[in-house]
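Shown below: upload23.txt, with compact mmCIF, C-alpha atoms.
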# COMPACT_ATOMS: atom_id res chain seq x y z
CA MET A 1 126.57 79.37 -164.11
CA THR A 2 128.50 76.35 -165.31
CA GLY A 3 129.52 73.61 -162.93
CA ARG A 4 128.52 70.28 -161.48
CA THR A 5 125.15 69.09 -160.27
CA ILE A 6 125.54 67.41 -156.90
CA ALA A 7 123.17 65.55 -154.61
CA THR A 8 123.18 66.37 -150.91
CA ILE A 9 121.66 64.15 -148.23
CA CYS A 10 121.28 65.59 -144.74
CA ALA A 11 121.06 62.91 -142.06
CA ARG A 12 121.26 63.95 -138.43
CA GLY A 13 121.96 61.30 -135.79
CA GLY A 14 119.30 62.41 -133.32
CA SER A 15 115.67 61.43 -133.96
CA LYS A 16 113.01 61.58 -131.29
CA GLY A 17 110.18 60.13 -133.39
CA LEU A 18 112.08 57.01 -134.47
CA PRO A 19 115.59 56.73 -132.98
CA GLY A 20 118.23 55.58 -135.46
CA LYS A 21 115.80 55.79 -138.38
CA ASN A 22 118.37 56.85 -140.99
CA ILE A 23 120.25 53.55 -140.67
CA ARG A 24 117.32 51.35 -139.62
CA PRO A 25 117.05 48.32 -141.94
CA PHE A 26 114.46 48.91 -144.67
CA ALA A 27 113.85 46.34 -147.41
CA GLY A 28 117.19 44.64 -146.79
CA ARG A 29 119.51 47.62 -146.33
CA PRO A 30 119.86 50.77 -144.20
CA LEU A 31 117.22 53.40 -144.92
CA ILE A 32 119.69 56.04 -146.09
CA ALA A 33 121.26 53.58 -148.54
CA HIS A 34 118.10 53.65 -150.67
CA THR A 35 118.41 57.40 -151.25
CA ILE A 36 122.14 57.12 -151.96
CA ALA A 37 121.50 54.38 -154.52
CA GLN A 38 118.80 56.47 -156.22
CA ALA A 39 121.14 59.45 -156.50
CA LEU A 40 124.06 57.36 -157.78
CA ALA A 41 121.80 55.83 -160.44
CA CYS A 42 120.69 59.25 -161.73
CA SER A 43 122.70 60.25 -164.80
CA GLY A 44 122.13 63.95 -164.10
CA VAL A 45 123.95 63.82 -160.75
CA ASP A 46 127.74 64.24 -160.72
CA GLY A 47 128.42 63.46 -157.05
CA VAL A 48 126.58 62.36 -153.90
CA TYR A 49 127.47 63.95 -150.55
CA VAL A 50 126.13 63.23 -147.08
CA SER A 51 126.12 65.73 -144.21
CA THR A 52 125.84 64.04 -140.82
CA ASP A 53 126.99 64.46 -137.24
CA ASP A 54 126.88 60.70 -136.57
CA GLU A 55 129.86 58.42 -137.26
CA ARG A 56 127.59 55.38 -137.70
CA ILE A 57 125.60 57.14 -140.41
CA ALA A 58 128.84 58.31 -142.00
CA ASP A 59 130.18 54.72 -142.13
CA VAL A 60 126.94 53.42 -143.67
CA ALA A 61 126.87 56.27 -146.21
CA ARG A 62 130.46 55.65 -147.30
CA GLY A 63 129.73 51.94 -147.60
CA ALA A 64 126.77 52.75 -149.84
CA GLY A 65 128.95 54.84 -152.18
CA ALA A 66 128.43 58.41 -150.97
CA THR A 67 131.12 60.90 -149.99
CA VAL A 68 131.10 62.16 -146.39
CA PRO A 69 133.63 65.01 -146.35
CA TYR A 70 133.38 65.74 -142.60
CA LEU A 71 131.21 65.29 -139.52
CA ARG A 72 128.75 68.16 -139.23
CA PRO A 73 129.63 70.75 -136.55
CA ALA A 74 127.53 70.69 -133.39
CA HIS A 75 125.76 74.02 -134.00
CA LEU A 76 124.28 72.56 -137.21
CA ALA A 77 123.20 69.29 -135.58
CA THR A 78 120.61 70.52 -133.09
CA ASP A 79 116.81 70.25 -133.25
CA GLN A 80 116.71 73.98 -133.94
CA ALA A 81 119.18 73.98 -136.83
CA GLY A 82 117.53 74.69 -140.18
CA LYS A 83 118.21 72.52 -143.22
CA LEU A 84 119.21 75.32 -145.59
CA PRO A 85 122.23 76.42 -143.51
CA VAL A 86 123.33 72.75 -143.37
CA ILE A 87 123.22 72.42 -147.17
CA GLU A 88 124.91 75.81 -147.65
CA HIS A 89 127.66 74.76 -145.21
CA LEU A 90 128.32 71.58 -147.18
CA VAL A 91 128.32 73.32 -150.57
CA ALA A 92 130.61 76.10 -149.31
CA HIS A 93 133.01 73.44 -147.97
CA LEU A 94 133.16 71.77 -151.38
CA GLU A 95 133.65 75.10 -153.14
CA ALA A 96 136.50 75.96 -150.80
CA ARG A 97 138.18 72.80 -152.09
CA GLY A 98 137.87 74.05 -155.66
CA GLU A 99 134.55 72.51 -156.74
CA ARG A 100 132.38 74.49 -159.18
CA ILE A 101 128.75 73.74 -158.37
CA ALA A 102 125.83 74.90 -160.51
CA ARG A 103 122.92 72.96 -158.99
CA ILE A 104 122.18 71.11 -155.78
CA VAL A 105 119.54 68.41 -155.57
CA ASP A 106 118.79 67.82 -151.92
CA LEU A 107 117.28 64.42 -151.14
CA GLN A 108 115.53 63.48 -147.93
CA PRO A 109 116.87 60.14 -146.59
CA THR A 110 113.48 59.30 -145.05
CA SER A 111 111.74 59.13 -148.46
CA PRO A 112 112.77 55.66 -149.68
CA LEU A 113 109.87 55.20 -152.13
CA ARG A 114 111.03 57.91 -154.55
CA GLU A 115 112.81 56.54 -157.62
CA SER A 116 115.89 57.61 -159.57
CA ALA A 117 113.55 58.60 -162.41
CA ASP A 118 111.88 61.12 -160.09
CA ILE A 119 115.21 62.79 -159.38
CA ALA A 120 116.01 62.98 -163.09
CA ALA A 121 112.55 64.38 -163.88
CA ALA A 122 112.82 67.02 -161.15
CA LEU A 123 116.18 68.09 -162.58
CA ARG A 124 114.51 68.62 -165.98
CA GLU A 125 111.46 70.43 -164.57
CA ARG A 126 111.29 74.21 -165.12
CA PRO A 127 115.03 74.86 -165.63
CA GLU A 128 114.37 78.60 -165.41
CA ALA A 129 113.18 78.27 -161.79
CA ASP A 130 115.42 79.06 -158.81
CA LEU A 131 114.01 76.04 -156.99
CA VAL A 132 111.98 72.98 -157.95
CA PHE A 133 110.55 70.99 -155.05
CA SER A 134 108.55 67.78 -155.02
CA VAL A 135 104.90 67.70 -153.99
CA SER A 136 101.88 65.42 -154.06
CA GLU A 137 98.25 66.34 -154.50
CA ALA A 138 96.96 67.62 -151.16
CA ALA A 139 94.44 65.40 -149.41
CA ASP A 140 92.80 68.48 -147.89
CA ASN A 141 91.95 71.78 -149.54
CA PRO A 142 91.77 75.23 -147.92
CA TYR A 143 88.87 76.12 -150.25
CA PHE A 144 86.79 73.12 -149.11
CA ASN A 145 87.67 71.43 -145.81
CA LEU A 146 90.46 73.35 -144.05
CA VAL A 147 89.11 75.79 -141.47
CA GLU A 148 90.70 78.24 -139.05
CA PRO A 149 89.50 80.76 -136.45
CA GLY A 150 88.81 84.22 -137.80
CA PRO A 151 89.23 87.63 -136.08
CA ASP A 152 85.66 87.31 -134.79
CA GLY A 153 86.51 84.09 -132.92
CA TRP A 154 84.34 81.88 -135.17
CA MET A 155 85.58 79.25 -137.60
CA HIS A 156 85.92 80.05 -141.31
CA LEU A 157 87.29 78.37 -144.40
CA SER A 158 91.02 79.02 -144.66
CA LYS A 159 90.63 80.46 -148.18
CA GLY A 160 87.68 81.75 -150.15
CA GLN A 161 84.01 81.71 -149.24
CA GLY A 162 83.21 78.19 -150.35
CA THR A 163 82.18 76.79 -153.72
CA ALA A 164 80.21 73.82 -154.94
CA ARG A 165 82.67 73.00 -157.73
CA ARG A 166 86.18 71.77 -156.92
CA GLN A 167 87.32 72.49 -160.47
CA ASP A 168 86.64 76.20 -159.94
CA VAL A 169 89.46 76.66 -157.41
CA PRO A 170 93.24 76.52 -157.90
CA PRO A 171 94.98 73.17 -157.33
CA VAL A 172 96.77 72.84 -154.01
CA TYR A 173 99.74 70.64 -153.25
CA ALA A 174 101.46 69.21 -150.20
CA LEU A 175 105.24 69.43 -149.91
CA ASN A 176 106.55 65.91 -149.46
CA GLY A 177 110.15 66.90 -148.69
CA SER A 178 111.58 64.26 -151.01
CA ILE A 179 113.41 66.37 -153.64
CA TYR A 180 114.63 69.98 -153.78
CA VAL A 181 116.55 71.17 -156.84
CA TRP A 182 118.39 74.43 -156.12
CA GLN A 183 120.25 76.75 -158.43
CA ARG A 184 123.48 77.63 -156.60
CA ALA A 185 122.85 81.36 -156.26
CA ALA A 186 119.27 80.75 -155.13
CA LEU A 187 120.42 78.41 -152.36
CA ALA A 188 122.71 81.10 -150.94
CA ARG A 189 119.87 83.64 -151.10
CA ALA A 190 117.36 81.27 -149.48
CA ALA A 191 119.82 80.32 -146.73
CA GLU A 192 119.86 83.99 -145.75
CA HIS A 193 116.29 85.09 -146.53
CA GLY A 194 114.23 81.89 -146.48
CA MET A 195 112.91 79.39 -148.99
CA TRP A 196 110.07 81.58 -150.22
CA SER A 197 112.41 84.39 -151.26
CA VAL A 198 113.15 82.60 -154.56
CA LYS A 199 111.17 81.68 -157.70
CA ALA A 200 109.86 78.18 -157.01
CA ALA A 201 108.12 75.54 -159.12
CA VAL A 202 106.86 72.05 -158.31
CA TYR A 203 107.50 68.49 -159.45
CA LEU A 204 104.41 66.37 -158.87
CA MET A 205 104.82 62.88 -157.38
CA PRO A 206 102.11 60.32 -156.56
CA ARG A 207 101.09 60.05 -152.92
CA TRP A 208 102.43 56.53 -152.51
CA LYS A 209 105.95 57.74 -153.29
CA SER A 210 105.60 60.68 -150.92
CA VAL A 211 105.66 58.86 -147.58
CA ASP A 212 108.11 60.55 -145.19
CA ILE A 213 109.30 58.29 -142.38
CA ASP A 214 109.23 60.06 -139.04
CA THR A 215 107.54 57.50 -136.77
CA LEU A 216 107.36 53.73 -136.46
CA GLU A 217 103.90 53.84 -138.05
CA ASP A 218 105.34 55.71 -141.05
CA PHE A 219 108.13 53.13 -141.30
CA GLU A 220 105.74 50.18 -141.26
CA TYR A 221 103.44 51.83 -143.80
CA ALA A 222 106.37 52.56 -146.14
CA GLN A 223 107.54 48.95 -145.83
CA TRP A 224 104.04 47.70 -146.66
CA LEU A 225 103.89 49.95 -149.73
CA HIS A 226 107.36 48.84 -150.84
CA GLU A 227 106.48 45.16 -150.47
CA ARG A 228 103.18 45.66 -152.28
CA ARG A 229 104.87 47.42 -155.21
CA ALA A 230 107.65 44.84 -155.35
CA GLY A 231 105.08 42.05 -155.37
CA GLY A 232 103.21 43.72 -158.22
CA ALA A 233 106.44 44.09 -160.21
CA HIS A 234 106.92 40.35 -159.97
CA GLY A 235 103.38 39.54 -161.05
Structure translated into structure tokens:
Amino acid sequence: MTGRTIATICARGGSKGLPGKNIRPFAGRPLIAHTIAQALACSGVDGVYVSTDDERIADVARGAGATVPYLRPAHLATDQAGKLPVIEHLVAHLEARGERIARIVDLQPTSPLRESADIAAALRERPEADLVFSVSEAADNPYFNLVEPGPDGWMHLSKGQGTARRQDVPPVYALNGSIYVWQRAALARAAEHGMWSVKAAVYLMPRWKSVDIDTLEDFEYAQWLHERRAGGAHG
């Protein structure tokens, strides 16, 4: 399919873990503005669109250079609303206006430590895949130190029977939520049947870039990492 590659940023107004987090000041500007700037700086992205139900977020997003075509309807702004229907709703709205969209790169606004280069690299990763999503190396491993109760009521390793050599088991990754690159047809299919109904591949990011801000502790840790990296960049 030919068409544009767009970036979508889904930013709901309600947040129980850290109220107002999407527009909370982070490193001198609202949190969501960092993600918008990263998308705008990526040469592979043709347009940046924000879906939100909050007028304050919409104003900040427009000021940062993104397009906010509407305020999200209430049924897509609840705690129970899934993200895929929100993205599909936004893409369908743009297509109804005559847009031809080939790929959608969805960017989480609470991942400010990703860089524009990560977005560009994810767009290049495994072009034959339906979906490429960003991950980091998992801190825990179901073959070594993740356990769960078995049918007999006793605890067992989540996978396998245990091994003395880590290199003998498959690598495992943790989804960091930062970047999702969807082929248009795959997004429609996943919105109906779920994310794991499509052919998916991963883009590996370092753990320090993978912090997802959900709580005040996450926010403070991300700020510390940002300041530390900025200090290193300046010698």
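Across A:Asp53, A:Asp212, A:Glu220, A:Glu115, the tightest approach to His34 (chain A) is made by A:Glu115 when counting all atoms listed in the file.
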Exercise. Counting all atoms listed in the file, which of A:Asp46, A:Glu55, A:Glu128, A:Asp106 gets nearest to Val198 (chain A)?
Worked result: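 The shortest atom-to-atom distance to Val198 (chain A) comes from A:Glu128.
CA of Thr78 (chain A) is positioned 23.1 Å from CA of Val48 (chain A).
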Exercise. Of the residues A:Tyr143, A:Ala39, A:Leu131, A:Val105, which is the one nearest to Ser197 (chain A), using only C-alpha atoms?
Worked result: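 Among A:Tyr143, A:Ala39, A:Leu131, A:Val105, it is A:Leu131 that comes nearest to Ser197 (chain A).
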Problem set entry | Polymer residues at most 10 Å from Ala102 (chain A), all atoms listed in the file, same-chain spacing of 3 or more positions, as a list of chain:residue names |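 Everything that qualifies: A:Met1, A:Thr2, A:Gly3, A:Arg4, A:Thr5, A:Ile6, A:Glu99, A:Trp182, A:Gln183, A:Arg184, A:Ala185.
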Exercise. Can you list, as a PyMOL selection string, every protein, DNA or RNA residue that comes within 6 Å of Ser134 (chain A) when you count all atoms listed in the file, leaving out same-chain residues fewer than 2 positions away?
Worked result: chain A and resi 179+202-204
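The coordinates place CA of Pro170 (chain A) at 26.6 Å from CA of Asp152 (chain A).
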Exercise. By how many Å are CA of Cys42 (chain A) and CA of Asp214 (chain A) apart?
Worked result: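 Those two atoms sit 25.4 Å apart.
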Take region 28-39 of chain A, model all heavy atoms, and hand the result over as an mmCIF file, keeping the file's coordinate frame.
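Written output follows (out_10.cif):
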data_model
loop_
_atom_site.group_PDB
_atom_site.id
_atom_site.type_symbol
_atom_site.label_atom_id
_atom_site.label_comp_id
_atom_site.auth_asym_id
_atom_site.auth_seq_id
_atom_site.Cartn_x
_atom_site.Cartn_y
_atom_site.Cartn_z
ATOM 1 N N GLY A 28 115.913 45.330 -146.619
ATOM 2 C CA GLY A 28 117.190 44.640 -146.790
ATOM 3 C C GLY A 28 118.436 45.479 -146.679
ATOM 4 O O GLY A 28 119.543 44.929 -146.746
ATOM 5 N N ARG A 29 118.309 46.798 -146.500
ATOM 6 C CA ARG A 29 119.510 47.620 -146.330
ATOM 7 C C ARG A 29 119.159 48.870 -145.528
ATOM 8 O O ARG A 29 117.979 49.206 -145.376
ATOM 9 C CB ARG A 29 120.112 48.008 -147.683
ATOM 10 C CG ARG A 29 119.160 48.643 -148.664
ATOM 11 C CD ARG A 29 119.854 48.913 -149.985
ATOM 12 N NE ARG A 29 118.925 49.203 -151.045
ATOM 13 C CZ ARG A 29 119.274 49.592 -152.259
ATOM 14 N NH1 ARG A 29 120.558 49.751 -152.543
ATOM 15 N NH2 ARG A 29 118.363 49.830 -153.187
ATOM 16 N N PRO A 30 120.157 49.577 -145.000
ATOM 17 C CA PRO A 30 119.860 50.770 -144.200
ATOM 18 C C PRO A 30 119.033 51.782 -144.978
ATOM 19 O O PRO A 30 119.206 51.947 -146.189
ATOM 20 C CB PRO A 30 121.244 51.318 -143.852
ATOM 21 C CG PRO A 30 122.162 50.150 -143.961
ATOM 22 C CD PRO A 30 121.606 49.304 -145.068
ATOM 23 N N LEU A 31 118.146 52.468 -144.274
ATOM 24 C CA LEU A 31 117.220 53.400 -144.920
ATOM 25 C C LEU A 31 117.939 54.398 -145.816
ATOM 26 O O LEU A 31 117.551 54.613 -146.969
ATOM 27 C CB LEU A 31 116.404 54.127 -143.854
ATOM 28 C CG LEU A 31 115.327 55.092 -144.350
ATOM 29 C CD1 LEU A 31 114.261 54.355 -145.146
ATOM 30 C CD2 LEU A 31 114.698 55.836 -143.168
ATOM 31 N N ILE A 32 119.005 55.013 -145.318
ATOM 32 C CA ILE A 32 119.690 56.040 -146.090
ATOM 33 C C ILE A 32 120.313 55.482 -147.363
ATOM 34 O O ILE A 32 120.482 56.198 -148.359
ATOM 35 C CB ILE A 32 120.765 56.752 -145.235
ATOM 36 C CG1 ILE A 32 121.249 58.025 -145.940
ATOM 37 C CG2 ILE A 32 121.926 55.820 -144.909
ATOM 38 C CD1 ILE A 32 122.199 58.858 -145.092
ATOM 39 N N ALA A 33 120.626 54.191 -147.375
ATOM 40 C CA ALA A 33 121.260 53.580 -148.540
ATOM 41 C C ALA A 33 120.346 53.598 -149.759
ATOM 42 O O ALA A 33 120.821 53.629 -150.903
ATOM 43 C CB ALA A 33 121.687 52.147 -148.221
ATOM 44 N N HIS A 34 119.037 53.593 -149.546
ATOM 45 C CA HIS A 34 118.100 53.650 -150.670
ATOM 46 C C HIS A 34 118.222 54.994 -151.398
ATOM 47 O O HIS A 34 118.272 55.038 -152.632
ATOM 48 C CB HIS A 34 116.674 53.442 -150.176
ATOM 49 C CG HIS A 34 116.400 52.059 -149.702
ATOM 50 N ND1 HIS A 34 115.930 51.061 -150.520
ATOM 51 C CD2 HIS A 34 116.573 51.490 -148.478
ATOM 52 C CE1 HIS A 34 115.787 49.933 -149.833
ATOM 53 N NE2 HIS A 34 116.172 50.173 -148.588
ATOM 54 N N THR A 35 118.283 56.076 -150.641
ATOM 55 C CA THR A 35 118.410 57.400 -151.250
ATOM 56 C C THR A 35 119.759 57.553 -151.944
ATOM 57 O O THR A 35 119.845 58.119 -153.035
ATOM 58 C CB THR A 35 118.217 58.489 -150.180
ATOM 59 O OG1 THR A 35 116.871 58.436 -149.706
ATOM 60 C CG2 THR A 35 118.499 59.877 -150.734
ATOM 61 N N ILE A 36 120.812 57.053 -151.331
ATOM 62 C CA ILE A 36 122.140 57.120 -151.960
ATOM 63 C C ILE A 36 122.135 56.362 -153.279
ATOM 64 O O ILE A 36 122.642 56.858 -154.301
ATOM 65 C CB ILE A 36 123.211 56.568 -151.000
ATOM 66 C CG1 ILE A 36 123.359 57.492 -149.785
ATOM 67 C CG2 ILE A 36 124.549 56.411 -151.721
ATOM 68 C CD1 ILE A 36 124.225 56.923 -148.680
ATOM 69 N N ALA A 37 121.546 55.176 -153.297
ATOM 70 C CA ALA A 37 121.500 54.380 -154.520
ATOM 71 C C ALA A 37 120.706 55.088 -155.612
ATOM 72 O O ALA A 37 121.091 55.067 -156.794
ATOM 73 C CB ALA A 37 120.885 53.011 -154.229
ATOM 74 N N GLN A 38 119.606 55.733 -155.244
ATOM 75 C CA GLN A 38 118.800 56.470 -156.220
ATOM 76 C C GLN A 38 119.598 57.610 -156.835
ATOM 77 O O GLN A 38 119.553 57.840 -158.052
ATOM 78 C CB GLN A 38 117.533 57.004 -155.560
ATOM 79 C CG GLN A 38 116.548 55.935 -155.126
ATOM 80 C CD GLN A 38 115.618 56.401 -154.018
ATOM 81 O OE1 GLN A 38 115.611 57.578 -153.653
ATOM 82 N NE2 GLN A 38 114.834 55.487 -153.478
ATOM 83 N N ALA A 39 120.342 58.321 -155.998
ATOM 84 C CA ALA A 39 121.140 59.450 -156.500
ATOM 85 C C ALA A 39 122.285 58.964 -157.387
ATOM 86 O O ALA A 39 122.556 59.554 -158.445
ATOM 87 C CB ALA A 39 121.687 60.249 -155.322
#
